[in-house]
Structures are given as C-alpha cells and as structure tokens.
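Engineer: Okay, here's the structure, questions in a sec.
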Amino acid sequence: MNEDQLRELFREMRNEPVPADSLARVRAGVDLKIQKRTWLIGWKPAAALVMLACIVAGFFLLRPGKAVPPREAIVRPVAPEARVLPAAEIPVAPERPAVRVVRPRRAQPRPVEAVPVLIRIETPDPDVVILLVN
C-alpha cells in the first residue's frame, strides 16, 4: 500500500457518517475522565501540607529531653563580700596613647588630555571632501 492509496482511504473515511452510538460512547468516556480529574486537582498542595505537618510534628515530638538535676545538686553562687578601699589603694590604670586611625586615600582621577580628532571622508566626487573636527 503506498501513500496515494492511504490518502484515498482517509478521504473515504471522512465522507462516511459516524454512528450515533459510537459518538455517544466517546462523549460519555470523555465526561468520565473529566469528572475523575476534578477531585485530583488539589493533591499536590494537600501533599505539601501533610509533609509540612509531619516535619513540624517531628520537631515537637522527637526533641531530646533534658535531665532535671535534684534540688541538692543545684549550686548557687555566693556573692563576695564588698569592702571599701581608701583612695590611696585604688589602682590607677595607665593612660593609653591616642590611636591615630589611618584611612586610605581615594585615588584622584587623572585629567584626560584632549586629543584633537580629525576625520576626513572622501567622496567619489573629487570636489567634495567631508571633514569632521573635534
């Protein structure tokens, strides 16, 4: 069977009417598939929310417990006794020399020297010459 014969068969099939029961079966099948899809639309967001809930529950339920020490084992720090020193015994901190902060200088832009530019354009006419001067 060559391509021309296949084309003729397709043309003949196009001209034949479609039986009404076949058309009804196809339409019913399409409606069923559309109805099946409608409840499956939200499964991705629902799955993401369930996964997030599992992660949060894992953080709350599976965290390690802390051992509580008995009351006798708790050591409270004791404040040292305060004493007043006479003015002669107060230690004096030595004076520090002033620190000079050196900041790097910004590089000064160098002035650009103006270079004269001359562009000469010659045209096919020997009497016409275009000069562009900057």
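Convention: chains lettered A, B, ... in structure tokens order; per-chain residue numbering from 1; ligands numbered from 1 as shown.
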Could you pull out the residues in chain A that DSSP calls strand (DSSP E or B) from the backbone, as a PyMOL selection string?

Structural biologist: chain A and resi 118-122+129-133

Engineer: Write out as a ChimeraX atom specification all residues of range 32-119 of chain A that backbone DSSP assigns to alpha helix (DSSP H).

Structural biologist: /A:32-38,43-61

Engineer: Could the residues in this selection be saved with C-alpha atoms as an mmCIF file, in the first residue's frame?

Structural biologist:
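As written to disk, again_10.cif reads:
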```cif
data_model
loop_
_atom_site.group_PDB
_atom_site.id
_atom_site.type_symbol
_atom_site.label_atom_id
_atom_site.label_comp_id
_atom_site.auth_asym_id
_atom_site.auth_seq_id
_atom_site.Cartn_x
_atom_site.Cartn_y
_atom_site.Cartn_z
ATOM 1 C CA LEU A 32 -15.958 10.302 32.890
ATOM 2 C CA LYS A 33 -12.298 11.296 32.508
ATOM 3 C CA ILE A 34 -13.100 14.936 33.189
ATOM 4 C CA GLN A 35 -15.061 14.027 36.336
ATOM 5 C CA LYS A 36 -12.209 11.810 37.603
ATOM 6 C CA ARG A 37 -9.734 14.673 37.254
ATOM 7 C CA THR A 38 -11.699 17.242 39.248
ATOM 8 C CA TRP A 43 -3.489 16.614 45.616
ATOM 9 C CA LYS A 44 -0.174 18.473 45.260
ATOM 10 C CA PRO A 45 -0.975 21.273 47.754
ATOM 11 C CA ALA A 46 -2.546 18.721 50.104
ATOM 12 C CA ALA A 47 0.572 16.535 49.954
ATOM 13 C CA ALA A 48 2.782 19.564 50.676
ATOM 14 C CA LEU A 49 0.666 20.495 53.709
ATOM 15 C CA VAL A 50 0.769 16.933 55.049
ATOM 16 C CA MET A 51 4.553 16.844 54.657
ATOM 17 C CA LEU A 52 4.905 20.172 56.442
ATOM 18 C CA ALA A 53 2.686 18.928 59.275
ATOM 19 C CA CYS A 54 4.830 15.791 59.632
ATOM 20 C CA ILE A 55 8.028 17.852 59.828
ATOM 21 C CA VAL A 56 6.574 20.185 62.468
ATOM 22 C CA ALA A 57 5.244 17.218 64.477
ATOM 23 C CA GLY A 58 8.687 15.611 64.275
ATOM 24 C CA PHE A 59 10.314 18.731 65.707
ATOM 25 C CA PHE A 60 7.887 18.872 68.612
ATOM 26 C CA LEU A 61 7.602 15.165 69.406
#
```
